[in-house]
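The next block holds one structure in the form of structure tokens; read it before the comments.
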There are 2 protein chains.
Amino acid sequence: MTAHAAPREVEFFWDVTSPYTYLAATRIEDVAAAAGVRVHWRPFLLGGVFKATGNRPPAEVTAKAGYMLDDLETWARYYGVPFRFPSTFPINSLLPMRAAIAVDEEGHLAPNDYANAVMRAYWTEDRDVSQPEVLTEVLAEAGLDPDPVLDRTSAPEVKERLKALTGEAVQRGAFGAPSFFVGDKLFWGNDRLPLLEAWLKGTLEG
Amino acid sequence: MTAHAAPREVEFFWDVTSPYTYLAATRIEDVAAAAGVRVHWRPFLLGGVFKATGNRPPAEVTAKAGYMLDDLETWARYYGVPFRFPSTFPINSLLPMRAAIAVDEEGHLAPNDYANAVMRAYWTEDRDVSQPEVLTEVLAEAGLDPDPVLDRTSAPEVKERLKALTGEAVQRGAFGAPSFFVGDKLFWGNDRLPLLEAWLKGTLEG
């Protein structure tokens, strides 16, 4: 057991296609704020993580898939947040996650505004944010000019940046979403928020 | 959203070979007591559950296995309970779980005494409880006469009872351990104890 320095930030690797990431996203700012820590929102591609690690979506086991839906709804009620399982799931999140990179470049937006808008659209309003026309609306709702962002999603630097972030997460040990890092300490899953909170507050050492 | 009747008990399906079950076992009596609910300890065979559902142990994914060890140690510190990953893992839990059935038949023991003794031996003292000589010691430590219990583990009724409980859990939707049932509502995993607690207290409806 070793003491760890008071953390300044928690990195939150998120992908809009992950329901537990949506749930965690509704809580992470409060959890971090309670510890006086900032959240660094980092887009990545869950499909790329699964491919690199050999991990697979939980819903591939039939009994688990049935439970998962009830579990998600139970968590949403526990948190007091809206939740509606989308009629199209999973989605190819390449476009909305590239858009997240492009939005990050802009630098004039709170880091979580687009993230929350796109997750809310997919996880509470059953809007398929992998479709360019839906994403256009969501970007506008987040206060952004959609066209320049959508244009940037096809730029090589943007594509490479998303790949690089995904590779970085995998290299540091991530195998699913949401993944939280505090330095080199990984917390995986919405259900680890209580551990993350204790860790950020310094009441849990390791 | 529908109200549910105040629950009288929570069923706790446990198998000694599951580390997250050990962690949950250290908390479940307190969680249930806080809601004025009793715990019904029900032995089952996780291997049989995996076989029936096609689910697989989390540690089969390399990156997940590395995380899991750190995660378990982090939970143990969070709970303030001892934990030591055993040098033999997983074990064939057939004998210790049949012994749990035989102990249940005796009816003169608090339902969780043997369960806690056998999980403590495996998860904090690195003792391979699948071995008859180790199990003999553990039974004695739990205040039981080991020989009659071990004799009963080869009785057809005991073998059938463990199979039946495993089949019942699967039929009701379980696919892993620990599995908690409150009526037909399933909570899976040590990390669902906060949801279970809210459910038992009636502060979470569904």
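By order in the structure tokens, chains are A, B, ...; within a chain, residues start at 1; ligands start at 1, following the order shown.
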Query - Distance-based interface of chain A with chain B, 6 Å, counting only C-alpha atoms, as number ranges by chain - result: A: 55, 61, 191
Query raised in the report: So which bits of segment 95-201 of chain B end up strand (DSSP E or B) when you DSSP the backbone, as number ranges by chain?
Result: B: 179-182, 185-188
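Neighbouring residues of Ala115 of chain B at 9 Å or closer, counting only C-alpha atoms and skipping chain neighbours under 4 positions away, are Trp14, Asp15, Val16, Ala25, Trp41, Pro43, Ala100, Pro111, Met119 and Arg120 of chain B.
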Report task. Extract, using only C-alpha atoms, all DNA, RNA and protein residues at most 9 Å from Leu165 of chain B, discarding same-chain residues fewer than 2 positions from it, and format them as a VMD selection string. Result -> chain B and resid 13 42 to 45 160 to 163 167 to 170
